[in-house]
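Here the structure is laid out as structure tokens; the discussion comes afterwards.
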Amino acid sequence: MCNCRWLGALLGLTAALVVNGCANRGSRVVAQRQTGESVVLVGEAPANLAFAPLRSEPIPVRSTYRDGLPQTVHYQPGQDYLLDASGQIRRAPGSRIPDFGTNMLYGKEDFRHDQFPGFGNRGFFVYVDYAHREKWQRPPANAELGVARLPKTRQKLEAGEKVRIVAFGDSITAGGDATEPGLIFWERWAGALRVKYSRASIEITNGATGGDATVQGLQRLLEKVLQQKPDLVLIGFGMNDHNREGYGVPLDKFAENLRTMIGRIRADTGAEIVLFSAFPPNPKWHFGSHNMQAYAEATERVAREEHCAFADVYHYWMSLGARKKPEDLLANNINHPNDYGHWIYFQALQAIGL
């Protein structure tokens with residue numbers, strides 16, 4: 001019988017699984033692990049996991065991202081769900097898993113969320129832990145936009161000094177719909193940095209405000225960022241900027257606003273800067289322009305030209321969600337990532353290489 005050894009995973013990071021193939025005289029297959037991947041299930045229709053799971057051990061399916069909470073329900077294979085080797089999962093007849101077909105926004109086209117009080121997906125997710133051996137096509141790393149643009153921050157961390165970080169942006173950065181503060185993407189990132197640089201003192205502050213576009217961000221910059229005297233600032237806008245005319249900020253003005261923020265932060269504090277892009281909201285949402293790719297590209301372009309680091313959330317989201325429904329990752333069914341979505345953001349920040 002073959003033995004399996006899990007290598008440790010840090011703060012939900014994808015971990016390597018080494019499988020010793022006894023029949024093949026020690027041949028080794030390296031796989032990756034997904035922890036808490038989310039999906040919503042409609043009736044008995046199939047939905048897709050991001051990868052085809054290995055079936056060499058039980059695959060936990062539960063009602064909460066973090067296991068072991070008082071409200072966590074552990075679902076049973078055959079009784080509550082059916083999962084095949086391709087990564088398709090569906091509700092079984094009589095399942096205890098909530099039917100997403102009963103969600104108030106299910107099947108609605110061009111919906112206005114303000115007409116549906118109580119909207120959201122939180123009560124419909126199932127979360128799945130599994131290993132897979134598919135090759136994940138990660139977005140290509142760009143060393144030019146990574147840690148090389150954060151030399152002062154890296155030097156302070158390596159020297160065991162104090163580093164003050166401000167996370168600045170909209171409701172996503174504010175942690176909207178994360179079920180615990182520790183699951184917000186930048187909290188996870190700060191936690192990983194504290195492990196890596198155990199001698200350093202890392203302080204991170206939430207300077208984000210729900211509903212803000214870059215216009216409001218500029219208005220709040222003094223209070224939320226400059227007065228905090230940061231060493232490093234994470235800047236994440238775009239979700240509200242990209243909305244339809246009358247609700248958002250035109251693309252050229254969006255880029256101009258980012259440049260103004262960068263200039264003022266550097267002039268007043270000398271802090272280094274990480275820009276990060278956003279993901280496409282629900283394509284059926286009435287207020288979205290559904291042109292997020294252009295705003296993501298503008299964010300990267302500003303980072304490149306202004307010599308900032310850049311976290312490519314957009315392409316990480318598109319890569320990990322390629323087989324999935326938008327609703328599988330949206331806590332509010334509109335434009336807030338759920339806990340697994342915050343993990344995707346965290347992966348993009350990790351790719352900077354700090």
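We name chains A, B, ... following the order of the structure tokens; residues begin at 1 in each chain, and ligands are numbered from 1 as shown.
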Show which residues sit within 9 Å of Ala50 (chain A), as an mmCIF file with C-alpha atoms, in the first residue's frame. Count only C-alpha atoms, and ignore same-chain residues fewer than 5 positions away.
```
data_model
loop_
_atom_site.group_PDB
_atom_site.id
_atom_site.type_symbol
_atom_site.label_atom_id
_atom_site.label_comp_id
_atom_site.auth_asym_id
_atom_site.auth_seq_id
_atom_site.Cartn_x
_atom_site.Cartn_y
_atom_site.Cartn_z
ATOM 1 C CA GLN A 34 -6.731 23.280 -2.756
ATOM 2 C CA GLU A 37 -12.352 25.995 -2.696
ATOM 3 C CA GLY A 87 -13.921 17.436 -10.691
ATOM 4 C CA SER A 319 -6.975 31.438 -14.093
ATOM 5 C CA LEU A 320 -8.353 29.834 -10.924
ATOM 6 C CA GLY A 321 -11.947 30.558 -11.909
ATOM 7 C CA ALA A 322 -11.706 29.394 -15.510
ATOM 8 C CA ARG A 323 -13.865 26.292 -14.929
ATOM 9 C CA LYS A 324 -16.147 27.877 -12.368
#
```
Problem set entry | region 156-169 of chain A surroundings by only C-alpha atoms, 10 Å radius, close-in-sequence under 2 positions cut, as number ranges by chain | A: 151-154, 171-174, 186-187, 190, 193-194, 196-214, 216-217, 220-221, 224-226, 228-239, 271-276, 354
Take the residues that were just selected and, keeping C-alpha atoms, output them as a PDB file, in the first residue's frame.
```pdb
ATOM      1  CA  PRO A 151      14.052  47.437  -1.842  1.00  0.00           C
ATOM      2  CA  LYS A 152      13.543  49.571   1.279  1.00  0.00           C
ATOM      3  CA  THR A 153      10.749  47.342   2.574  1.00  0.00           C
ATOM      4  CA  ARG A 154      12.752  44.192   2.008  1.00  0.00           C
ATOM      5  CA  SER A 171     -14.835  47.605   0.090  1.00  0.00           C
ATOM      6  CA  ILE A 172     -12.827  44.604  -1.118  1.00  0.00           C
ATOM      7  CA  THR A 173      -9.704  45.949   0.564  1.00  0.00           C
ATOM      8  CA  ALA A 174     -11.816  46.874   3.587  1.00  0.00           C
ATOM      9  CA  TRP A 186      -3.819  41.526   3.213  1.00  0.00           C
ATOM     10  CA  GLU A 187      -4.128  40.113   6.735  1.00  0.00           C
ATOM     11  CA  ALA A 190       0.970  40.194   6.630  1.00  0.00           C
ATOM     12  CA  LEU A 193       5.469  38.016   6.108  1.00  0.00           C
ATOM     13  CA  ARG A 194       5.574  37.685   9.907  1.00  0.00           C
ATOM     14  CA  LYS A 196       9.089  34.670   6.896  1.00  0.00           C
ATOM     15  CA  TYR A 197      10.613  37.669   8.703  1.00  0.00           C
ATOM     16  CA  SER A 198      10.124  36.606  12.301  1.00  0.00           C
ATOM     17  CA  ARG A 199      12.465  39.242  13.716  1.00  0.00           C
ATOM     18  CA  ALA A 200      10.637  42.135  12.061  1.00  0.00           C
ATOM     19  CA  SER A 201       7.692  44.024  13.573  1.00  0.00           C
ATOM     20  CA  ILE A 202       4.985  44.196  10.902  1.00  0.00           C
ATOM     21  CA  GLU A 203       1.996  46.446  11.491  1.00  0.00           C
ATOM     22  CA  ILE A 204      -0.797  46.622   8.919  1.00  0.00           C
ATOM     23  CA  THR A 205      -3.680  49.105   8.983  1.00  0.00           C
ATOM     24  CA  ASN A 206      -7.009  49.008   7.155  1.00  0.00           C
ATOM     25  CA  GLY A 207      -7.289  52.358   5.366  1.00  0.00           C
ATOM     26  CA  ALA A 208      -9.994  51.286   2.912  1.00  0.00           C
ATOM     27  CA  THR A 209     -13.585  52.531   2.663  1.00  0.00           C
ATOM     28  CA  GLY A 210     -16.492  50.630   1.130  1.00  0.00           C
ATOM     29  CA  GLY A 211     -17.987  52.158  -2.003  1.00  0.00           C
ATOM     30  CA  ASP A 212     -14.949  54.262  -2.873  1.00  0.00           C
ATOM     31  CA  ALA A 213     -13.607  54.800  -6.357  1.00  0.00           C
ATOM     32  CA  THR A 214     -10.317  56.613  -6.952  1.00  0.00           C
ATOM     33  CA  GLN A 216     -13.124  59.333  -3.127  1.00  0.00           C
ATOM     34  CA  GLY A 217      -9.775  57.699  -2.477  1.00  0.00           C
ATOM     35  CA  ARG A 220      -9.438  60.369   1.914  1.00  0.00           C
ATOM     36  CA  LEU A 221      -5.734  60.059   1.142  1.00  0.00           C
ATOM     37  CA  LYS A 224      -6.272  57.212   5.587  1.00  0.00           C
ATOM     38  CA  VAL A 225      -2.702  57.040   4.280  1.00  0.00           C
ATOM     39  CA  LEU A 226      -0.463  60.083   4.614  1.00  0.00           C
ATOM     40  CA  GLN A 228      -0.342  57.060   9.058  1.00  0.00           C
ATOM     41  CA  LYS A 229       3.300  57.507   7.958  1.00  0.00           C
ATOM     42  CA  PRO A 230       3.526  54.107   6.249  1.00  0.00           C
ATOM     43  CA  ASP A 231       6.586  52.339   4.906  1.00  0.00           C
ATOM     44  CA  LEU A 232       4.508  50.441   2.332  1.00  0.00           C
ATOM     45  CA  VAL A 233       1.083  51.147   0.843  1.00  0.00           C
ATOM     46  CA  LEU A 234      -1.162  48.613  -0.914  1.00  0.00           C
ATOM     47  CA  ILE A 235      -3.475  50.402  -3.362  1.00  0.00           C
ATOM     48  CA  GLY A 236      -6.486  48.558  -4.787  1.00  0.00           C
ATOM     49  CA  PHE A 237      -9.158  50.400  -6.752  1.00  0.00           C
ATOM     50  CA  GLY A 238     -11.078  49.596  -9.911  1.00  0.00           C
ATOM     51  CA  MET A 239     -14.195  47.706  -8.855  1.00  0.00           C
ATOM     52  CA  ALA A 271       6.643  54.878   1.218  1.00  0.00           C
ATOM     53  CA  GLU A 272       6.963  52.166  -1.394  1.00  0.00           C
ATOM     54  CA  ILE A 273       3.800  51.124  -3.218  1.00  0.00           C
ATOM     55  CA  VAL A 274       2.079  47.947  -4.428  1.00  0.00           C
ATOM     56  CA  LEU A 275      -0.777  48.398  -6.888  1.00  0.00           C
ATOM     57  CA  PHE A 276      -3.171  45.495  -7.330  1.00  0.00           C
ATOM     58  CA  LEU A 354       8.556  39.857  -0.887  1.00  0.00           C
TER      59      LEU A 354
END
```
Quick one: residues within 9 Å of Val313 (chain A), only C-alpha atoms, excluding same-chain residues fewer than 5 positions away - as a tab-separated table (two decimals) with N, CA and C atoms, in the first residue's frame?
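The new file selection11.tsv reads:
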```tsv
chain	number	residue	atom	x	y	z
A	276	PHE	N	-2.60	46.79	-6.96
A	276	PHE	CA	-3.17	45.50	-7.33
A	276	PHE	C	-4.48	45.71	-8.08
A	277	SER	N	-4.73	44.84	-9.03
A	277	SER	CA	-5.91	44.94	-9.88
A	277	SER	C	-7.10	44.25	-9.22
A	278	ALA	N	-8.26	44.32	-9.87
A	278	ALA	CA	-9.48	43.69	-9.37
A	278	ALA	C	-9.98	42.65	-10.38
A	279	PHE	N	-11.02	41.94	-10.01
A	279	PHE	CA	-11.58	40.86	-10.83
A	279	PHE	C	-12.90	41.30	-11.45
A	296	ALA	N	-7.83	46.68	-15.17
A	296	ALA	CA	-6.69	45.91	-14.68
A	296	ALA	C	-5.43	46.24	-15.48
A	318	MET	N	-8.93	34.99	-13.02
A	318	MET	CA	-9.38	34.37	-14.26
A	318	MET	C	-8.82	32.96	-14.42
A	344	ILE	N	-7.39	34.01	-3.30
A	344	ILE	CA	-6.85	34.30	-4.63
A	344	ILE	C	-6.08	35.62	-4.61
A	345	TYR	N	-6.66	36.64	-3.99
A	345	TYR	CA	-5.94	37.91	-3.84
A	345	TYR	C	-4.61	37.69	-3.13
A	346	PHE	N	-4.63	36.91	-2.07
A	346	PHE	CA	-3.43	36.61	-1.31
A	346	PHE	C	-2.36	35.96	-2.19
A	347	GLN	N	-2.80	35.04	-3.05
A	347	GLN	CA	-1.84	34.40	-3.95
A	347	GLN	C	-1.17	35.43	-4.87
A	348	ALA	N	-1.93	36.39	-5.35
A	348	ALA	CA	-1.37	37.43	-6.22
A	348	ALA	C	-0.35	38.28	-5.46
A	349	LEU	N	-0.64	38.60	-4.21
A	349	LEU	CA	0.33	39.34	-3.41
A	349	LEU	C	1.58	38.51	-3.15
```
Exercise. Using only C-alpha atoms, which of the listed residues (A:Pro139, A:Pro60, A:Pro93, A:Gly78) sits closest to Glu44 (chain A)?
Worked result: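 Closest candidate: A:Pro93.
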For this session: Return the single residue from A:Ala45, A:Met104, A:Ala141, A:Val128 that is closest to Arg33 (chain A), with distances computed using only C-alpha atoms.
Result: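 Under the stated criterion, the closest residue is A:Val128.
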Exercise. Using only C-alpha atoms, which of A:Ser38, A:Asn103, A:Gln71, A:Gln137 sits nearest Tyr316 (chain A)?
Worked result: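 Among the listed residues, the smallest separation from Tyr316 (chain A) belongs to A:Gln137.
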Problem set entry | Residue list (strand (DSSP E or B), DSSP) for region 126-327 of chain A, as a count of residues only | 37
For this session: Return as a ChimeraX atom specification the full set of residues in region 295-343 of chain A whose backbone-based DSSP assignment is helix (DSSP H, G or I).
Result: /A:295-305,313-320,326-328,339-343
Create the file for the chosen residues now, containing C-alpha atoms and written as a CSV table (one decimal), in the first residue's frame.
```
chain,number,residue,atom,x,y,z
A,295,TYR,CA,-9.0,48.8,-15.7
A,296,ALA,CA,-6.7,45.9,-14.7
A,297,GLU,CA,-4.4,46.7,-17.6
A,298,ALA,CA,-4.5,50.4,-16.7
A,299,THR,CA,-3.4,49.5,-13.2
A,300,GLU,CA,-0.5,47.4,-14.4
A,301,ARG,CA,0.5,50.1,-16.9
A,302,VAL,CA,0.6,52.8,-14.1
A,303,ALA,CA,2.6,50.4,-11.9
A,304,ARG,CA,5.1,49.8,-14.7
A,305,GLU,CA,5.5,53.5,-15.6
A,313,VAL,CA,-5.2,39.8,-9.1
A,314,TYR,CA,-7.2,39.9,-12.4
A,315,HIS,CA,-5.3,37.1,-14.1
A,316,TYR,CA,-5.0,35.0,-11.0
A,317,TRP,CA,-8.8,35.2,-10.6
A,318,MET,CA,-9.4,34.4,-14.3
A,319,SER,CA,-7.0,31.4,-14.1
A,320,LEU,CA,-8.4,29.8,-10.9
A,326,PRO,CA,-18.8,33.7,-11.2
A,327,GLU,CA,-21.3,33.0,-8.3
A,328,ASP,CA,-18.9,30.3,-7.0
A,339,ASP,CA,-13.1,33.7,1.7
A,340,TYR,CA,-11.7,31.6,-1.1
A,341,GLY,CA,-11.7,34.7,-3.3
A,342,HIS,CA,-9.6,36.5,-0.7
A,343,TRP,CA,-7.2,33.6,-0.9
```
For this session: Could you check how far CA of Arg149 (chain A) sits from CA of Ala309 (chain A), in Å to one decimal?
Result: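 Calculated distance between CA of Arg149 (chain A) and CA of Ala309 (chain A) is 5.5 Å.
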Exercise. Using only C-alpha atoms, which residue out of A:Arg62, A:His242, A:Lys108, A:His290 lies closest to Phe125 (chain A)?
Worked result: A:Arg62
Exercise. Out of A:Ser56, A:Ser95, A:Gln88, A:Gln115, which residue has the shortest atom-to-atom distance to His74 (chain A) when counting only C-alpha atoms?
Worked result: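 Result for the nearest residue to His74 (chain A): A:Ser95.
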Excluding same-chain residues fewer than 4 positions from Val73 (chain A), what lies within 10 Å of it counting only C-alpha atoms, as a PDB file with N, CA and C atoms, in the first residue's frame?
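What ended up in part-v2.pdb:
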```pdb
ATOM      1  N   VAL A  61     -15.969  18.013   2.291  1.00  0.00           N
ATOM      2  CA  VAL A  61     -16.890  19.015   1.751  1.00  0.00           C
ATOM      3  C   VAL A  61     -17.700  19.535   2.936  1.00  0.00           C
ATOM      4  N   ARG A  62     -17.707  20.848   3.155  1.00  0.00           N
ATOM      5  CA  ARG A  62     -18.305  21.398   4.366  1.00  0.00           C
ATOM      6  C   ARG A  62     -18.997  22.721   4.062  1.00  0.00           C
ATOM      7  N   SER A  63     -19.619  23.290   5.071  1.00  0.00           N
ATOM      8  CA  SER A  63     -20.431  24.494   4.885  1.00  0.00           C
ATOM      9  C   SER A  63     -19.694  25.783   5.202  1.00  0.00           C
ATOM     10  N   THR A  64     -18.507  25.711   5.791  1.00  0.00           N
ATOM     11  CA  THR A  64     -17.747  26.911   6.151  1.00  0.00           C
ATOM     12  C   THR A  64     -16.344  26.828   5.576  1.00  0.00           C
ATOM     13  N   ASP A  67     -12.679  25.118   8.823  1.00  0.00           N
ATOM     14  CA  ASP A  67     -13.286  23.933   9.428  1.00  0.00           C
ATOM     15  C   ASP A  67     -13.345  24.074  10.945  1.00  0.00           C
ATOM     16  N   GLY A  68     -14.249  23.345  11.542  1.00  0.00           N
ATOM     17  CA  GLY A  68     -14.285  23.249  12.991  1.00  0.00           C
ATOM     18  C   GLY A  68     -15.039  24.349  13.699  1.00  0.00           C
ATOM     19  N   LEU A  69     -15.776  25.178  12.972  1.00  0.00           N
ATOM     20  CA  LEU A  69     -16.585  26.202  13.623  1.00  0.00           C
ATOM     21  C   LEU A  69     -17.856  25.572  14.188  1.00  0.00           C
ATOM     22  N   ARG A  96     -28.560  17.768   1.996  1.00  0.00           N
ATOM     23  CA  ARG A  96     -28.644  18.856   2.965  1.00  0.00           C
ATOM     24  C   ARG A  96     -27.993  20.142   2.446  1.00  0.00           C
ATOM     25  N   ILE A  97     -27.295  20.063   1.332  1.00  0.00           N
ATOM     26  CA  ILE A  97     -26.625  21.240   0.777  1.00  0.00           C
ATOM     27  C   ILE A  97     -27.677  22.205   0.235  1.00  0.00           C
ATOM     28  N   VAL A 126     -20.548  25.633  -0.594  1.00  0.00           N
ATOM     29  CA  VAL A 126     -19.838  24.508   0.014  1.00  0.00           C
ATOM     30  C   VAL A 126     -18.359  24.721  -0.272  1.00  0.00           C
TER      31      VAL A 126
END
```
